[in-house]
$ cat work34.csv   # CSV, C-alpha atoms
chain,number,residue,atom,x,y,z
A,16,MET,CA,103.9,82.6,21.4
A,17,SER,CA,100.5,82.1,19.7
A,18,TYR,CA,102.0,79.4,17.5
A,19,LEU,CA,103.6,77.8,20.6
A,20,ASN,CA,100.2,77.8,22.3
A,21,LEU,CA,98.6,76.2,19.2
A,22,ILE,CA,101.3,73.5,19.0
A,23,LEU,CA,100.8,72.7,22.7
A,24,ASP,CA,97.0,72.6,22.3
A,25,LEU,CA,97.4,70.1,19.5
A,26,VAL,CA,99.8,68.0,21.6
A,27,ALA,CA,97.3,68.1,24.4
A,28,LEU,CA,94.5,67.1,22.0
A,29,MET,CA,96.6,64.2,20.7
A,30,LEU,CA,97.2,63.0,24.3
A,31,TRP,CA,93.5,63.2,25.0
A,32,LEU,CA,92.6,61.2,21.9
A,33,ASN,CA,95.3,58.7,22.7
A,34,TRP,CA,93.9,58.3,26.2
A,35,ARG,CA,90.4,57.8,24.8
A,36,GLY,CA,91.6,55.5,22.1
A,37,LEU,CA,93.4,53.1,24.4
A,38,GLY,CA,90.2,52.6,26.2
A,39,PHE,CA,88.3,51.3,23.2
A,40,ARG,CA,87.3,47.7,23.4
A,41,GLN,CA,86.7,47.4,19.7
A,42,VAL,CA,89.4,47.0,17.1
A,43,VAL,CA,89.2,49.0,13.9
A,44,PRO,CA,88.9,46.4,11.1
A,45,TYR,CA,92.0,47.4,9.1
A,46,ARG,CA,95.5,46.7,10.3
A,47,SER,CA,97.2,49.5,8.3
A,48,SER,CA,95.0,52.2,9.8
A,49,LEU,CA,96.0,54.5,12.6
A,50,ALA,CA,93.8,52.5,14.8
A,51,HIS,CA,95.5,49.2,14.4
A,52,THR,CA,97.2,49.9,17.8
A,53,LEU,CA,93.9,49.7,19.6
A,54,LYS,CA,93.8,46.4,21.4
A,55,THR,CA,91.0,44.3,22.8
A,56,THR,CA,90.6,43.9,26.6
A,57,THR,CA,93.4,41.7,27.6
A,58,PRO,CA,95.9,41.6,30.5
A,59,GLY,CA,98.6,43.0,28.2
A,60,ARG,CA,96.5,46.0,27.2
A,61,PRO,CA,98.5,49.3,27.2
A,62,ARG,CA,98.2,51.5,30.2
A,63,ARG,CA,96.2,54.7,29.7
A,64,TRP,CA,97.5,56.8,32.6
A,65,PRO,CA,100.7,58.1,30.9
A,66,SER,CA,98.6,59.9,28.3
A,67,LEU,CA,96.4,61.5,30.9
A,68,ALA,CA,99.5,62.4,33.0
A,69,GLY,CA,101.1,64.0,30.0
A,70,LEU,CA,98.0,66.0,29.2
A,71,ALA,CA,97.9,67.3,32.8
A,72,ALA,CA,101.6,68.2,32.6
A,73,VAL,CA,101.2,70.2,29.4
A,74,LEU,CA,98.3,72.2,30.8
A,75,LEU,CA,99.9,72.8,34.1
A,76,LEU,CA,103.5,73.5,33.1
A,77,ARG,CA,102.8,75.8,30.2
A,78,ALA,CA,100.9,78.3,32.5
A,79,PRO,CA,104.1,79.5,34.4
A,80,LEU,CA,106.0,79.5,31.1
A,81,TYR,CA,103.4,81.8,29.6
A,82,ALA,CA,103.5,84.0,32.7
A,83,HIS,CA,107.3,84.2,32.4
A,84,LEU,CA,107.6,84.8,28.7
A,85,GLY,CA,104.4,86.6,28.0
A,86,PRO,CA,105.2,90.0,29.6
A,87,ALA,CA,108.7,90.0,28.1
A,88,LEU,CA,107.4,89.4,24.6
A,89,ARG,CA,104.4,91.7,25.1
A,90,TRP,CA,102.1,88.8,24.3
A,91,VAL,CA,98.4,89.0,25.0
A,92,PRO,CA,96.8,85.5,25.0
A,93,GLN,CA,93.4,85.5,23.4
A,94,LEU,CA,90.6,83.0,23.0
A,95,ASP,CA,89.1,83.5,19.5
A,96,LEU,CA,85.3,82.8,19.5
A,97,HIS,CA,84.7,84.0,15.9
A,98,LEU,CA,82.6,87.0,16.9
A,99,ILE,CA,84.5,88.1,20.0
A,100,THR,CA,88.0,87.7,21.3
A,101,LEU,CA,88.7,87.2,25.0
A,102,PRO,CA,92.1,88.6,26.1
A,103,PHE,CA,94.0,87.5,29.2
A,104,ARG,CA,96.8,89.2,31.1
A,105,SER,CA,99.9,87.2,30.7
A,106,ASP,CA,101.6,88.7,33.8
A,107,LEU,CA,99.2,87.0,36.2
A,108,PRO,CA,100.0,83.2,36.7
A,109,GLY,CA,96.5,82.4,37.9
A,110,ARG,CA,95.0,83.8,34.7
A,111,MET,CA,97.5,82.0,32.6
A,112,LEU,CA,96.5,78.7,34.3
A,113,ALA,CA,92.9,79.5,33.4
A,114,PHE,CA,93.8,80.4,29.9
A,115,SER,CA,95.8,77.2,29.5
A,116,PHE,CA,92.7,75.0,30.4
A,117,LEU,CA,90.2,77.2,28.5
A,118,SER,CA,92.4,77.2,25.3
A,119,PHE,CA,92.6,73.4,25.4
A,120,LEU,CA,88.9,73.0,26.1
A,121,LEU,CA,88.2,75.2,23.1
A,122,ARG,CA,90.5,73.1,20.9
A,123,LEU,CA,88.9,69.9,22.3
A,124,GLY,CA,85.5,71.2,21.4
A,125,LEU,CA,86.6,72.0,17.9
A,126,GLY,CA,88.1,68.5,17.6
A,127,TYR,CA,84.8,66.8,18.5
A,128,LEU,CA,82.9,69.2,16.3
A,129,TRP,CA,85.1,68.1,13.4
A,130,LEU,CA,84.3,64.4,14.3
A,131,LEU,CA,80.6,65.3,14.3
A,132,LEU,CA,80.6,66.3,10.6
A,133,PRO,CA,81.5,62.8,9.2
A,134,SER,CA,79.2,61.3,11.7
A,135,LEU,CA,76.4,63.3,10.1
A,136,VAL,CA,77.2,63.0,6.4
A,137,ASN,CA,78.5,59.4,6.5
A,138,ARG,CA,75.9,57.9,8.7
A,139,ARG,CA,75.1,55.2,6.2
A,140,VAL,CA,78.8,54.2,5.7
A,141,PRO,CA,79.3,50.8,7.3
A,142,ASP,CA,81.8,50.2,10.1
A,143,LEU,CA,84.1,48.3,7.7
A,144,GLN,CA,85.5,51.7,6.8
A,145,PRO,CA,88.1,52.0,9.5
A,146,MET,CA,88.4,55.8,9.7
A,147,GLN,CA,84.6,56.2,10.0
A,148,HIS,CA,84.6,53.4,12.6
A,149,LEU,CA,87.2,55.4,14.5
A,150,VAL,CA,85.0,58.5,14.4
A,151,ARG,CA,82.1,56.5,15.8
A,152,LEU,CA,84.2,55.1,18.6
A,153,HIS,CA,85.4,58.6,19.7
A,154,LEU,CA,81.8,60.0,19.6
A,155,GLY,CA,80.4,57.0,21.4
A,156,ARG,CA,76.6,57.2,22.0
A,157,VAL,CA,76.3,60.6,20.3
A,158,ASP,CA,77.0,58.9,17.0
A,159,ARG,CA,73.8,56.9,17.4
A,160,TRP,CA,71.6,60.0,18.1
A,161,PRO,CA,69.1,61.2,15.5
A,162,VAL,CA,70.4,63.6,12.9
A,163,ALA,CA,68.4,66.5,14.2
A,164,ALA,CA,69.8,66.0,17.7
A,165,LYS,CA,73.3,65.9,16.5
A,166,CYS,CA,72.8,69.0,14.4
A,167,LEU,CA,71.5,70.9,17.4
A,168,LEU,CA,74.2,69.7,19.8
A,169,PRO,CA,76.8,72.4,19.0
A,170,LEU,CA,74.3,75.1,19.4
A,171,LEU,CA,73.0,73.8,22.7
A,172,ILE,CA,76.4,73.0,24.2
A,173,THR,CA,77.8,76.4,23.3
A,174,THR,CA,74.9,78.3,24.7
A,175,VAL,CA,74.9,76.4,28.0
A,176,LEU,CA,78.7,76.7,28.4
A,177,TRP,CA,78.7,80.4,27.6
A,178,MET,CA,76.2,81.0,30.3
A,179,ALA,CA,77.9,78.7,32.8
A,180,VAL,CA,81.4,80.1,32.4
A,181,HIS,CA,80.4,83.7,32.2
A,182,PRO,CA,80.7,84.4,36.0
A,183,TRP,CA,84.2,82.9,35.9
A,184,LEU,CA,85.2,85.0,32.9
A,185,VAL,CA,83.9,88.1,34.7
A,186,ALA,CA,86.2,87.2,37.6
A,187,LEU,CA,89.1,86.7,35.3
A,188,GLY,CA,88.5,90.0,33.5
A,189,PRO,CA,88.0,89.3,29.8
A,190,VAL,CA,84.2,90.1,29.9
A,191,PRO,CA,82.4,93.0,31.7
A,192,PRO,CA,80.1,92.3,34.6
A,193,GLY,CA,76.4,93.1,34.9
A,194,MET,CA,75.0,91.4,31.8
A,195,PRO,CA,71.3,90.4,32.1
A,196,LEU,CA,70.3,86.8,31.7
A,197,GLN,CA,68.5,87.5,28.4
A,198,LEU,CA,71.6,89.0,26.9
A,199,LEU,CA,73.7,86.1,28.0
A,200,ALA,CA,71.3,83.6,26.5
A,201,GLU,CA,71.1,85.5,23.2
A,202,GLN,CA,74.9,85.8,23.1
A,203,GLY,CA,75.2,82.1,23.7
A,204,LEU,CA,72.8,81.3,20.9
A,205,VAL,CA,74.6,83.4,18.4
A,206,LEU,CA,78.0,82.1,19.4
A,207,GLY,CA,76.5,78.6,19.1
A,208,LEU,CA,75.5,79.3,15.5
A,209,THR,CA,79.1,80.4,14.8
A,210,ALA,CA,80.3,77.0,16.0
A,211,TYR,CA,79.1,75.6,12.7
A,212,LEU,CA,81.6,78.0,11.0
A,213,SER,CA,84.4,75.8,12.4
A,214,TRP,CA,83.4,73.2,9.7
A,215,LYS,CA,84.6,75.6,7.0
A,216,PRO,CA,88.4,74.6,7.1
A,217,LEU,CA,87.5,71.0,7.4
A,218,LEU,CA,85.1,71.1,4.4
A,219,LEU,CA,87.6,73.0,2.3
A,220,GLY,CA,90.4,70.6,3.2
A,221,LEU,CA,88.3,67.5,2.4
A,222,LEU,CA,87.2,68.9,-0.9
A,223,PHE,CA,90.7,70.0,-1.9
A,224,LEU,CA,92.1,66.5,-1.0
A,225,HIS,CA,89.3,64.9,-2.9
A,226,VAL,CA,90.2,66.9,-6.0
A,227,LEU,CA,93.9,66.2,-5.5
A,228,HIS,CA,93.4,62.4,-5.1
A,229,SER,CA,91.0,62.4,-8.2
A,230,TYR,CA,93.8,63.6,-10.5
A,231,VAL,CA,97.0,62.5,-8.7
A,232,TYR,CA,97.5,58.9,-7.7
A,233,LEU,CA,98.5,58.9,-4.1
A,234,GLY,CA,98.0,55.2,-3.4
A,235,HIS,CA,95.1,53.4,-1.7
A,236,SER,CA,94.6,53.7,2.0
A,237,PRO,CA,91.7,54.0,4.5
A,238,PHE,CA,92.5,57.7,4.8
A,239,TRP,CA,91.9,58.5,1.1
A,240,GLU,CA,88.9,56.2,1.0
A,241,PHE,CA,87.5,58.2,4.0
A,242,VAL,CA,88.3,61.5,2.3
A,243,ASN,CA,86.6,60.5,-1.0
A,244,LEU,CA,83.5,59.1,0.8
A,245,THR,CA,83.0,62.2,3.0
A,246,ALA,CA,83.6,64.6,0.1
A,247,LYS,CA,81.0,62.7,-2.1
A,248,SER,CA,78.5,62.8,0.8
A,249,VAL,CA,79.1,66.6,1.2
A,250,LEU,CA,78.6,67.1,-2.6
A,251,ARG,CA,75.5,65.0,-2.9
A,252,PRO,CA,73.1,68.0,-2.7
A,253,LEU,CA,74.8,69.2,-5.9
A,254,GLY,CA,74.0,65.9,-7.8
A,255,PHE,CA,71.1,67.4,-9.7
A,256,LEU,CA,73.3,70.0,-11.4
A,257,PRO,CA,75.0,69.2,-14.7
A,258,LEU,CA,78.5,69.7,-13.4
A,259,ARG,CA,80.3,66.9,-15.3
A,260,LEU,CA,81.9,67.6,-18.7
A,261,GLY,CA,83.3,64.5,-20.2
A,262,MET,CA,85.8,63.0,-17.7
A,263,VAL,CA,86.0,66.2,-15.7
A,264,ASP,CA,83.8,66.7,-12.6
A,265,PHE,CA,83.3,70.3,-11.6
A,266,ALA,CA,81.3,69.5,-8.5
A,267,PRO,CA,84.2,69.7,-6.0
A,268,ALA,CA,85.3,73.1,-7.4
A,269,VAL,CA,81.7,74.4,-7.1
A,270,GLY,CA,81.5,73.0,-3.6
A,271,LEU,CA,84.7,74.7,-2.6
A,272,VAL,CA,83.4,78.1,-3.8
A,273,LEU,CA,80.0,77.6,-2.2
A,274,VAL,CA,81.5,76.6,1.2
A,275,TRP,CA,83.8,79.6,1.2
A,276,PHE,CA,81.2,82.2,0.3
A,277,ALA,CA,78.4,80.7,2.5
A,278,ALA,CA,80.7,80.6,5.5
A,279,GLU,CA,81.9,84.2,4.9
A,280,LEU,CA,78.3,85.4,4.4
A,281,ASP,CA,77.1,83.6,7.5
A,282,ARG,CA,80.0,85.0,9.6
A,283,ARG,CA,79.1,88.6,8.5
A,284,MET,CA,75.5,88.1,9.2
A,285,LEU,CA,76.1,86.6,12.7
A,286,PHE,CA,78.6,89.4,13.5
A,287,GLU,CA,76.0,92.0,12.7
A,288,LEU,CA,73.4,90.1,14.7
A,289,PHE,CA,75.8,89.8,17.7
A,290,ARG,CA,76.5,93.6,17.5
A,291,ARG,CA,72.8,94.4,17.7
A,292,LEU,CA,72.1,92.3,20.8
A,293,PRO,CA,70.0,92.3,22.9
A,294,LEU,CA,67.2,91.8,20.4

$ encode --input "work34.csv" --output "structure tokens"
Amino acid sequence: MSYLNLILDLVALMLWLNWRGLGFRQVVPYRSSLAHTLKTTTPGRPRRWPSLAGLAAVLLLRAPLYAHLGPALRWVPQLDLHLITLPFRSDLPGRMLAFSFLSFLLRLGLGYLWLLLPSLVNRRVPDLQPMQHLVRLHLGRVDRWPVAAKCLLPLLITTVLWMAVHPWLVALGPVPPGMPLQLLAEQGLVLGLTAYLSWKPLLLGLLFLHVLHSYVYLGHSPFWEFVNLTAKSVLRPLGFLPLRLGMVDFAPAVGLVLVWFAAELDRRMLFELFRRLPL
């Protein structure tokens, strides 16, 4: 059931991105990219409402499905927030409806967090790169914010959302009542710091694909160009180290190791900090 929920979350995310994408008034400058379907504002422009209707249908219809199958399969739906896990009772349809929306919102936040990373590291890449241009279109005005503001955005949004939804989570049952405001704020800040750990699989995937494309010819496309540009931007802080031996560049391998260990170390430190709250 957890895999089914993940698949449906990804379907809902694709429907959301498609709904957003059909509203873009700019065409990504490369016809073979995924964005070549984006049209300019014309009378024949594709309608957006089917994507939004499909998204609503997924979120609404899977709730009774979970309430029906969950108890029979002894499935306990959970929201994984890195440091804590919020369980929901699958035998209550109302809580399954809340879980359906919260699970999607968590996946949506992760999706935009992944878009924020190339917006930060590729800020000097021109719009002629179609994948980067698509990232900028999805982020909208946020992409034009200063670097410091974009870096602080996940921390601030997570903190505010945690404090805002806490009364609702208390009513639903996953979290205990009676938490003081100071503890809520500190929990929100630590959870906000863990949001950056969500970049770990993205960074590892980009660096791995960069290594793969460096030694195996997989053709030329905007996707591989975007992967290589982003990986090189991520590895730029290692440029002062002598990591090249002849034709072999060890920087991606070193980057993979550093990302893995840094993320694991940060996760353990944040877990210990969260356990000691309130400070």

$ closest_residue --input "work34.csv" --among "A:Gln144, A:Asn20, A:Thr173, A:Thr209" --to "A:Phe119" --atoms "only C-alpha atoms"
A:Asn20

$ atom_distance --input "work34.csv" --atom1 "atom CA of A:Arg291" --atom2 "atom CA of A:Ala278"
20.0 Å

$ closest_residue --input "work34.csv" --among "A:His153, A:His148, A:Arg159, A:Lys165" --to "A:Pro237" --atoms "only C-alpha atoms"
A:His148

$ atom_distance --input "work34.csv" --atom1 "atom CA of A:Leu219" --atom2 "atom CA of A:Phe238"
16.3 Å

$ closest_residue --input "work34.csv" --among "A:Ser213, A:Ser229, A:Gln147, A:Asn137" --to "A:Val274" --atoms "only C-alpha atoms"
A:Ser213

$ atom_distance --input "work34.csv" --atom1 "atom CA of A:Leu21" --atom2 "atom CA of A:Arg63"
24.0 Å

$ closest_residue --input "work34.csv" --among "A:Leu280, A:Leu135, A:Leu143, A:Met178" --to "A:Trp160" --atoms "all atoms listed in the file"
A:Leu135
